[in-house]
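Shown next: upload-v4.txt, containing compact mmCIF, C-alpha atoms.
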# COMPACT_ATOMS: atom_id res chain seq x y z
CA MET W 179 9.53 -41.03 -3.40
CA MET W 180 9.30 -44.73 -4.05
CA SER W 181 7.56 -46.95 -1.53
CA ASP W 182 5.88 -50.35 -1.47
CA HIS W 183 2.39 -48.83 -1.49
CA LEU W 184 0.55 -45.90 -3.03
CA SER W 185 0.53 -42.70 -0.96
CA ASP W 186 -2.71 -41.42 0.60
CA ALA W 187 -2.64 -38.49 -1.84
CA THR W 188 -2.34 -40.82 -4.84
CA ILE W 189 -5.15 -43.06 -3.58
CA GLN W 190 -7.40 -40.04 -3.07
CA ALA W 191 -6.57 -38.58 -6.49
CA LEU W 192 -7.31 -41.97 -8.05
CA VAL W 193 -10.70 -42.16 -6.36
CA ASP W 194 -11.52 -38.59 -7.41
CA ASP W 195 -10.27 -39.13 -10.95
CA GLU W 196 -7.77 -36.32 -10.47
CA LEU W 197 -4.56 -38.25 -11.00
CA PRO W 198 -2.57 -37.00 -14.03
CA GLU W 199 -2.46 -39.46 -16.93
CA THR W 200 1.29 -39.82 -16.55
CA LEU W 201 0.91 -41.20 -13.03
CA ARG W 202 -2.33 -43.08 -13.53
CA ALA W 203 -0.87 -45.93 -15.57
CA ALA W 204 1.82 -46.62 -12.96
CA ALA W 205 -0.73 -46.44 -10.12
CA GLU W 206 -3.11 -48.83 -11.87
CA ALA W 207 -0.26 -51.23 -12.56
CA HIS W 208 0.57 -51.16 -8.85
CA LEU W 209 -3.06 -51.77 -7.88
CA ALA W 210 -3.18 -54.84 -10.09
CA SER W 211 -0.54 -56.47 -7.94
CA CYS W 212 -1.23 -55.00 -4.47
CA ALA W 213 -4.29 -56.17 -2.56
CA GLN W 214 -3.67 -53.72 0.31
CA CYS W 215 -3.78 -50.68 -1.96
CA ARG W 216 -6.82 -52.05 -3.82
CA GLU W 217 -8.55 -52.35 -0.47
CA ALA W 218 -7.56 -48.79 0.46
CA VAL W 219 -8.92 -47.43 -2.83
CA ALA W 220 -12.14 -49.42 -2.48
CA SER W 221 -12.62 -48.26 1.10
CA LEU W 222 -12.11 -44.58 0.24
CA ALA W 223 -14.32 -44.85 -2.83
CA SER W 224 -17.02 -46.41 -0.67
CA VAL W 225 -16.91 -43.47 1.78
CA ALA W 226 -17.05 -40.99 -1.09
CA GLU W 227 -19.97 -42.79 -2.70
CA THR W 228 -21.86 -43.05 0.58
CA VAL W 229 -21.56 -39.33 1.21
CA ALA W 230 -22.56 -38.49 -2.38
CA GLU W 231 -25.69 -40.63 -1.98
CA THR W 232 -26.81 -38.57 1.01
CA ALA W 233 -26.99 -35.40 -1.10
CA PRO W 234 -30.50 -34.02 -0.61
CA GLU W 235 -32.85 -34.45 -3.53
CA ASP W 236 -34.54 -31.44 -5.10
CA CYS W 237 -37.87 -32.33 -3.50
CA HIS W 238 -36.36 -31.57 -0.07
CA PHE W 239 -36.52 -27.89 -0.87
CA CYS W 240 -39.42 -25.57 -1.48
CA ALA W 241 -40.55 -25.04 -5.06
CA SER W 242 -38.74 -22.60 -7.28
CA GLY W 243 -41.64 -20.14 -7.39
CA GLN W 244 -42.05 -20.18 -3.64
CA PHE W 245 -38.33 -19.56 -3.19
CA TRP W 246 -38.39 -16.65 -5.64
CA ASP W 247 -41.51 -15.09 -4.09
CA ARG W 248 -39.81 -15.00 -0.70
CA LEU W 249 -36.53 -13.77 -2.19
CA SER W 250 -38.03 -11.03 -4.37
CA CYS W 251 -39.95 -9.79 -1.35
CA ARG W 252 -36.68 -9.52 0.57
CA LEU W 253 -34.90 -7.90 -2.39
CA SER W 254 -37.56 -5.24 -2.69
CA ARG W 255 -36.90 -4.30 0.91
CA VAL W 256 -33.14 -4.07 0.45
CA ALA W 257 -32.52 -0.36 0.24
CA ASP W 258 -28.75 -0.38 0.68
CA ARG W 259 -27.94 -2.09 -2.60
CA GLU W 260 -24.35 -1.18 -3.49
CA SER W 261 -25.09 0.17 -6.95
CA PRO W 262 -22.28 1.60 -9.07
CA TYR W 263 -24.30 4.83 -9.18
CA ALA W 264 -24.29 5.21 -5.41
CA VAL W 265 -20.89 6.89 -5.31
CA MET W 266 -21.74 9.11 -8.27
CA ALA W 267 -24.92 10.15 -6.54
CA LEU W 268 -22.89 11.30 -3.58
CA ILE W 269 -20.44 13.39 -5.63
CA PRO W 270 -22.63 16.51 -6.20
CA PRO W 271 -23.58 16.94 -2.53
CA LEU W 272 -20.03 16.17 -1.46
CA LEU W 273 -18.54 18.77 -3.82
CA LEU W 274 -21.18 21.31 -2.93
CA GLY W 275 -20.74 20.55 0.74
CA ALA W 276 -16.96 20.97 0.45
CA ALA W 277 -17.38 24.27 -1.43
CA GLY W 278 -19.97 25.46 1.08
CA LEU W 279 -17.75 24.54 4.00
CA ALA W 280 -14.79 26.36 2.43
CA ILE W 281 -16.84 29.55 1.86
CA TRP W 282 -18.31 29.29 5.34
CA LEU W 283 -14.82 28.92 6.90
CA ILE W 284 -13.44 31.83 4.83
CA SER W 285 -16.35 34.03 5.86
CA TRP W 286 -15.66 33.23 9.51
CA VAL W 287 -11.94 33.92 9.08
CA VAL W 288 -12.84 37.29 7.58
CA THR W 289 -15.24 37.92 10.45
CA ILE W 290 -12.73 37.01 13.15
CA VAL W 291 -9.87 38.96 11.51
CA THR W 292 -12.13 41.98 11.17
CA LEU W 293 -13.27 41.79 14.78
CA LEU W 294 -9.70 41.30 16.06
CA THR W 295 -8.61 44.31 14.04
CA TRP W 296 -11.48 46.33 15.46
CA ALA W 297 -10.47 45.29 18.98
CA GLY W 298 -6.89 46.35 18.29
CA VAL W 299 -5.47 42.85 18.83
CA ILE W 300 -3.94 42.65 15.34
CA PRO W 301 -2.80 45.34 12.87
CA PRO W 302 -5.58 46.92 10.79
CA LEU W 303 -6.24 44.38 8.07
CA GLY W 304 -9.78 45.61 7.79
CA GLY W 305 -8.76 48.22 5.25
CA LEU W 306 -7.01 45.68 3.10
CA LEU W 307 -10.03 43.39 3.23
CA ALA W 308 -12.32 46.24 2.39
CA ASP W 309 -10.21 47.25 -0.60
CA THR W 310 -10.14 43.66 -1.93
CA ALA W 311 -13.83 43.23 -1.32
CA ALA W 312 -14.58 46.53 -3.05
CA LEU W 313 -12.83 45.25 -6.15
CA HIS W 314 -15.02 42.16 -6.37
CA ARG W 315 -18.32 43.33 -5.04
CA THR W 316 -19.12 45.33 -8.12
CA SER W 317 -18.26 42.51 -10.53
CA LEU W 318 -21.26 41.06 -12.37
CA HIS W 319 -19.69 37.62 -12.11
CA THR W 320 -19.87 37.68 -8.34
CA PRO W 321 -22.97 35.86 -7.02
CA ILE W 322 -25.53 38.14 -5.42
CA LEU W 323 -25.19 36.55 -1.99
CA LEU W 324 -21.41 36.95 -2.08
CA ARG W 325 -21.85 40.62 -3.15
CA TRP W 326 -24.10 41.22 -0.14
CA PHE W 327 -21.47 39.58 2.04
CA LEU W 328 -18.69 41.79 0.57
CA ASP W 329 -20.86 44.88 1.01
CA ALA W 330 -21.24 43.96 4.65
CA VAL W 331 -17.46 43.47 4.98
CA VAL W 332 -16.83 46.87 3.39
CA ALA W 333 -19.31 48.52 5.70
CA LEU W 334 -17.81 46.86 8.76
CA ALA W 335 -14.23 47.55 7.69
CA GLY W 336 -15.15 51.18 6.90
CA THR W 337 -16.52 51.57 10.39
CA ILE W 338 -13.40 50.06 11.90
CA ARG W 339 -11.06 52.12 9.71
CA SER W 340 -12.77 55.31 10.67
CA SER W 341 -10.87 56.95 13.53
CA SER W 342 -14.08 58.48 14.72
CA ALA W 343 -15.98 55.23 14.86
CA ASN W 344 -19.14 55.56 16.89
CA TRP W 345 -20.78 52.64 18.64
CA PRO W 346 -24.24 52.76 17.01
CA SER W 347 -22.70 52.74 13.54
CA ALA W 348 -20.31 49.91 14.44
CA ALA W 349 -23.17 47.91 16.00
CA ARG W 350 -25.30 48.37 12.86
CA SER W 351 -22.43 47.16 10.70
CA ILE W 352 -21.85 44.14 12.91
CA VAL W 353 -25.55 43.21 12.92
CA ARG W 354 -25.74 43.61 9.15
CA PHE W 355 -22.61 41.50 8.77
CA GLY W 356 -24.00 38.84 11.11
CA LEU W 357 -27.29 38.69 9.20
CA VAL W 358 -25.56 38.25 5.86
CA GLN W 359 -23.21 35.66 7.40
CA GLY W 360 -26.18 33.74 8.83
CA LEU W 361 -28.10 33.93 5.55
CA LEU W 362 -25.07 32.63 3.67
CA SER W 363 -24.59 29.69 6.06
CA LEU W 364 -28.31 28.86 6.08
CA SER W 365 -28.66 28.87 2.29
CA LEU W 366 -25.60 26.65 1.91
CA ALA W 367 -26.86 24.26 4.57
CA ILE W 368 -30.28 24.00 2.89
CA THR W 369 -28.75 23.33 -0.54
CA VAL W 370 -26.42 20.63 0.82
CA ALA W 371 -29.27 19.03 2.76
CA LEU W 372 -31.46 18.93 -0.38
CA PHE W 373 -28.68 17.24 -2.36
CA ALA W 374 -28.06 14.78 0.48
CA VAL W 375 -31.76 13.82 0.55
CA TRP W 376 -31.71 13.36 -3.23
CA ALA W 377 -28.61 11.14 -3.00
CA ALA W 378 -30.12 9.10 -0.16
CA CYS W 379 -33.21 8.45 -2.30
CA MET W 380 -31.18 7.04 -5.21
CA PRO W 381 -31.03 3.36 -4.04
CA ASP W 382 -34.80 3.35 -3.58
CA CYS W 383 -35.17 4.00 -7.28
CA GLN W 384 -34.15 0.39 -8.12
CA PRO W 385 -36.97 -1.31 -10.01
CA THR W 386 -38.84 -3.91 -8.02
CA GLY W 387 -40.72 -5.81 -10.66
CA GLY W 388 -41.13 -9.59 -10.78
CA GLY W 389 -38.44 -11.98 -11.98
CA THR W 390 -38.45 -14.87 -14.38
CA ALA W 391 -37.69 -17.46 -11.76
CA ALA W 392 -41.21 -17.83 -10.52
CA MET Z 123 -18.56 -23.40 -21.89
CA GLU Z 124 -17.09 -20.03 -22.83
CA GLU Z 125 -20.44 -18.96 -24.31
CA GLU Z 126 -22.12 -19.96 -21.08
CA LYS Z 127 -19.67 -17.83 -19.13
CA GLN Z 128 -20.26 -14.86 -21.43
CA TYR Z 129 -24.02 -15.24 -21.09
CA GLU Z 130 -23.75 -15.34 -17.31
CA GLY Z 131 -21.51 -12.25 -17.49
CA GLN Z 132 -24.31 -10.49 -19.39
CA LEU Z 133 -26.84 -11.59 -16.80
CA VAL Z 134 -24.64 -10.18 -14.04
CA ARG Z 135 -24.24 -6.86 -15.87
CA ARG Z 136 -27.99 -6.58 -16.42
CA ALA Z 137 -28.72 -7.51 -12.83
CA ASN Z 138 -26.14 -4.99 -11.69
CA ARG Z 139 -28.12 -2.30 -13.49
CA GLY Z 140 -31.15 -3.30 -11.42
CA ASP Z 141 -32.74 -5.82 -13.81
CA LEU Z 142 -34.58 -8.24 -11.49
CA ASP Z 143 -35.51 -10.54 -14.37
CA ALA Z 144 -31.82 -11.15 -15.08
CA PHE Z 145 -31.18 -11.77 -11.40
CA GLY Z 146 -34.15 -14.15 -11.33
CA GLU Z 147 -32.49 -16.18 -14.09
CA ILE Z 148 -29.26 -16.34 -12.07
CA VAL Z 149 -31.25 -17.52 -9.05
CA GLU Z 150 -32.99 -20.18 -11.10
CA ARG Z 151 -29.68 -21.46 -12.48
CA TYR Z 152 -27.97 -21.72 -9.11
CA ARG Z 153 -30.78 -22.19 -6.59
CA LEU Z 154 -30.47 -25.96 -6.22
CA ARG Z 155 -26.67 -25.92 -6.17
CA VAL Z 156 -26.69 -23.29 -3.44
CA LEU Z 157 -29.38 -25.18 -1.49
CA ARG Z 158 -27.55 -28.53 -1.71
CA THR Z 159 -24.25 -26.99 -0.60
CA ALA Z 160 -25.90 -25.12 2.25
CA HIS Z 161 -27.76 -28.27 3.29
CA GLY Z 162 -24.53 -30.26 3.35
CA ILE Z 163 -22.95 -27.74 5.71
CA VAL Z 164 -25.84 -26.77 7.98
CA GLY Z 165 -27.57 -30.17 7.90
CA SER Z 166 -31.27 -29.27 7.57
CA SER Z 167 -33.56 -28.24 4.75
CA ASP Z 168 -35.16 -25.33 6.60
CA GLU Z 169 -31.86 -23.84 7.60
CA ALA Z 170 -30.49 -24.41 4.09
CA GLU Z 171 -33.45 -22.43 2.68
CA ASP Z 172 -32.66 -19.54 5.01
CA VAL Z 173 -28.98 -19.64 4.10
CA ALA Z 174 -29.81 -19.74 0.37
CA GLN Z 175 -32.08 -16.70 0.74
CA GLU Z 176 -29.29 -14.88 2.54
CA VAL Z 177 -26.81 -15.91 -0.17
CA PHE Z 178 -28.89 -14.43 -2.97
CA VAL Z 179 -29.62 -11.25 -1.04
CA LYS Z 180 -25.88 -10.83 -0.41
CA ALA Z 181 -25.15 -11.58 -4.07
CA TRP Z 182 -27.72 -8.97 -5.17
CA GLN Z 183 -26.15 -6.37 -2.90
CA ALA Z 184 -22.60 -7.17 -3.99
CA LEU Z 185 -23.09 -7.75 -7.73
CA ASP Z 186 -20.74 -4.93 -8.61
CA SER Z 187 -17.91 -6.67 -6.73
CA PHE Z 188 -18.19 -9.69 -9.04
CA ARG Z 189 -15.02 -9.77 -11.14
CA PRO Z 190 -15.86 -9.65 -14.88
CA GLY Z 191 -14.66 -12.87 -16.52
CA GLY Z 192 -14.74 -14.71 -13.20
CA SER Z 193 -16.79 -17.81 -12.51
CA LEU Z 194 -20.27 -16.93 -11.28
CA GLY Z 195 -20.63 -20.45 -9.86
CA SER Z 196 -17.44 -20.20 -7.81
CA TRP Z 197 -18.46 -16.76 -6.55
CA LEU Z 198 -21.89 -17.99 -5.43
CA TYR Z 199 -20.43 -21.16 -3.90
CA ARG Z 200 -17.99 -19.01 -1.91
CA ILE Z 201 -20.80 -16.82 -0.57
CA THR Z 202 -22.77 -19.98 0.24
CA VAL Z 203 -19.95 -21.69 2.13
CA ASN Z 204 -19.26 -18.55 4.17
CA ALA Z 205 -22.95 -17.95 4.93
CA ALA Z 206 -23.53 -21.61 5.87
CA ILE Z 207 -20.48 -21.73 8.15
CA ASP Z 208 -21.61 -18.45 9.77
CA ALA Z 209 -25.07 -19.97 10.28
CA THR Z 210 -23.63 -23.03 12.03
CA ARG Z 211 -21.55 -20.75 14.26
CA ARG Z 212 -24.55 -18.59 15.13
CA ARG Z 213 -26.47 -21.61 16.33
CA ARG Z 214 -27.04 -21.62 20.04
CA PRO Z 215 -27.11 -23.44 22.27
CA GLN Z 216 -24.97 -26.22 20.85
CA VAL Z 217 -27.04 -29.35 21.03
CA ASN Z 218 -25.90 -32.92 20.72
CA LEU Z 219 -26.66 -33.72 17.13
CA ASP Z 220 -26.67 -37.42 17.94
CA ASP Z 221 -29.94 -36.88 19.77
CA ILE Z 222 -31.71 -35.25 16.85
CA ALA Z 223 -33.99 -37.42 14.78
CA PRO Z 224 -34.29 -36.58 11.07
CA PRO Z 225 -37.34 -34.45 10.20
CA PRO Z 226 -40.32 -36.59 9.15
CA SER Z 227 -40.40 -35.04 5.67
CA GLU Z 228 -36.86 -36.21 5.09
CA GLN Z 229 -37.31 -39.72 6.40
CA HIS Z 230 -39.13 -41.16 3.43
CA THR Z 231 -37.47 -39.46 0.50
CA GLU Z 232 -33.91 -40.78 0.68
CA ARG Z 233 -32.28 -42.32 -2.34
CA SER Z 234 -33.07 -45.96 -2.65
CA VAL Z 235 -29.43 -46.99 -2.26
CA LEU Z 236 -29.27 -45.92 1.38
CA ASP Z 237 -32.09 -46.33 3.81
CA ALA Z 238 -33.19 -43.29 5.79
CA GLU Z 239 -31.47 -44.32 8.98
CA GLU Z 240 -28.19 -45.03 7.28
CA ALA Z 241 -28.31 -41.72 5.37
CA GLU Z 242 -29.00 -39.79 8.57
CA ARG Z 243 -26.10 -41.53 10.27
CA VAL Z 244 -23.79 -40.37 7.47
CA ARG Z 245 -25.16 -36.81 7.56
CA ARG Z 246 -24.70 -36.70 11.30
CA ALA Z 247 -21.10 -37.79 10.90
CA VAL Z 248 -20.59 -35.12 8.22
CA ARG Z 249 -22.05 -32.47 10.57
CA HIS Z 250 -19.43 -33.37 13.17
CA LEU Z 251 -16.58 -32.54 10.80
CA PRO Z 252 -14.79 -29.19 11.20
CA PRO Z 253 -16.46 -26.57 8.94
CA ALA Z 254 -13.49 -26.24 6.56
CA SER Z 255 -13.30 -29.99 5.90
CA ARG Z 256 -17.09 -30.25 5.72
CA ALA Z 257 -17.21 -27.52 3.06
CA ALA Z 258 -14.52 -29.23 0.95
CA LEU Z 259 -16.28 -32.60 1.23
CA VAL Z 260 -19.72 -31.20 0.33
CA LEU Z 261 -18.36 -29.34 -2.70
CA ARG Z 262 -16.65 -32.53 -3.86
CA GLU Z 263 -19.32 -35.15 -3.15
CA TYR Z 264 -22.54 -33.17 -3.59
CA GLU Z 265 -21.46 -30.78 -6.31
CA GLN Z 266 -18.77 -32.90 -8.00
CA LEU Z 267 -16.37 -29.94 -8.20
CA SER Z 268 -12.77 -30.61 -9.16
CA TYR Z 269 -9.90 -29.93 -6.76
CA ALA Z 270 -9.06 -26.76 -8.71
CA GLU Z 271 -12.66 -25.49 -8.48
CA ILE Z 272 -12.85 -26.23 -4.76
CA ALA Z 273 -9.54 -24.41 -4.27
CA GLU Z 274 -11.00 -21.38 -6.10
CA VAL Z 275 -14.20 -21.41 -4.04
CA LEU Z 276 -12.44 -21.81 -0.70
CA ASP Z 277 -9.54 -19.57 -1.73
CA VAL Z 278 -6.92 -22.09 -0.58
CA PRO Z 279 -4.15 -24.00 -2.42
CA MET Z 280 -5.03 -27.35 -4.03
CA GLY Z 281 -2.81 -29.15 -1.55
CA THR Z 282 -4.97 -27.80 1.27
CA VAL Z 283 -8.11 -29.02 -0.52
CA MET Z 284 -6.61 -32.50 -0.80
CA SER Z 285 -5.58 -32.62 2.85
CA ARG Z 286 -9.02 -31.37 3.99
CA LEU Z 287 -10.74 -34.00 1.86
CA HIS Z 288 -8.44 -36.70 3.14
CA TYR Z 289 -9.06 -35.67 6.74
CA ALA Z 290 -12.84 -35.53 6.17
CA ARG Z 291 -13.04 -38.96 4.56
CA GLN Z 292 -10.75 -40.57 7.08
CA SER Z 293 -12.76 -39.07 9.95
CA LEU Z 294 -16.00 -40.26 8.36
CA LYS Z 295 -14.62 -43.73 7.84
CA ASP Z 296 -13.59 -43.92 11.50
CA ALA Z 297 -16.87 -42.41 12.72
CA LEU Z 298 -19.07 -44.68 10.63
CA SER Z 299 -17.13 -47.82 11.50
CA SER Z 300 -17.28 -46.98 15.23
CA GLN Z 301 -21.03 -46.31 14.89
CA ASP Z 302 -21.32 -49.67 13.21
CA LEU Z 303 -19.63 -51.25 16.19
CA ASN Z 304 -21.93 -49.41 18.61
CA HIS Z 305 -24.91 -50.39 16.51
CA ASP Z 306 -23.92 -54.04 16.62
CA VAL Z 307 -23.50 -54.11 20.39
What would the structure in this file look like if it were written as structure tokens?
Amino acid sequence: MMSDHLSDATIQALVDDELPETLRAAAEAHLASCAQCREAVASLASVAETVAETAPEDCHFCASGQFWDRLSCRLSRVADRESPYAVMALIPPLLLGAAGLAIWLISWVVTIVTLLTWAGVIPPLGGLLADTAALHRTSLHTPILLRWFLDAVVALAGTIRSSSANWPSAARSIVRFGLVQGLLSLSLAITVALFAVWAACMPDCQPTGGGTAA
Amino acid sequence: MEEEKQYEGQLVRRANRGDLDAFGEIVERYRLRVLRTAHGIVGSSDEAEDVAQEVFVKAWQALDSFRPGGSLGSWLYRITVNAAIDATRRRRPQVNLDDIAPPPSEQHTERSVLDAEEAERVRRAVRHLPPASRAALVLREYEQLSYAEIAEVLDVPMGTVMSRLHYARQSLKDALSSQDLNHDV
């Protein structure tokens, strides 16, 4: 775009020394012959210079050491630093929590299915459960708590399968089952809580020594 | 320049591992730049100190979001501009800045080129600019950043930087000349 005078953008770029070399020569040649544009450049440069001169001097601010003392005090109180280890710290409790929740849900499914079978609401799956449980409960690889749980399932299923089930025996099986179920849930909850506390403590382990800025 | 960038990258990595000495060096390198920028936007030394503290606390908390190979200066300037603009927005109630006299400590330490009254008049006019234009102007005039660097800090195209600067300077020119007229009356 050709015009009689330099554009505002060109004048500003000239003042800020941001005009490409290719355009600068032409702009300067124009300035040499145009008083109006020279005045515009001088006026804008004067505003820029005036603002630059109002920049606060270093002595306006508190001393470096004072600034750092206040800052390091604040930093030492910052507990929620987003460290790259924060997510890793959460992985063990999250995995354990997920596993615990899955086992807990399965145990309740087993419980409900067994009770529904006992009540005659659904076909007798208790026997099937008992047979599966019997396979695993003797395995050395099965954790002790899970073996206790399977023993309880077998006992309960045996009671239900028995055509001559008597109430005291059934009640004993149910109580035993409930105790094992509760113990299982409680131990999982305690383990997950311990891991969660450990993970929550991780950010506090950031060092809080002094810095070099003081 | 490249070595400087690499060294600052190392400082960031060390600080990110919790090394407060490395972070202290970052603070020392950028403290005055952050303070000047904050002062230009919020308009007072005390408030600029608070903003600068907030900037470095935020930087400490978000060190792992700093892009490796990026410019530490641009990153800190960006945090500063955002924190300073937030601080001006949080101010309440809105007072008429024309009625505020400069703090005594600032009255006698102006550069010799401008007297204290003149400098305060300019600062007051700067404080009346919209925050986006004010930030562009401060980064240009106080920090001498190039258009490209300002564009990176403010995360806007260079054309936007130029138009904000143009608007800011034109507004200042008008404001200062009208104040001159009022002063003369």
Just how far from atom CA of Arg153 of chain Z is atom CA of Arg248 of chain W, in Å to one decimal?
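Between atom CA of Arg248 of chain W and atom CA of Arg153 of chain Z the gap is 13.0 Å.
Coordinates place atom CA of Val229 of chain W at a distance of 25.9 Å from atom CA of His183 of chain W.
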When you get a sec, could you note down which chain Z residues fall within 6 Å of chain W, using only C-alpha atoms, as a PyMOL selection string?
chain Z and resi 140+142-143+146-147+150+183+241+263-264
Residues near segment 198-205 of chain Z, cut-off 7 Å, only C-alpha atoms, skip fewer than 6 positions along chain, as a ChimeraX atom specification
/Z:156,160,173,177,257,275-276
Which is closer to Glu126 of chain Z than all the others in Z:Arg291, Z:Arg213, Z:Arg151, Z:His161, using all atoms listed in the file?
Z:Arg151
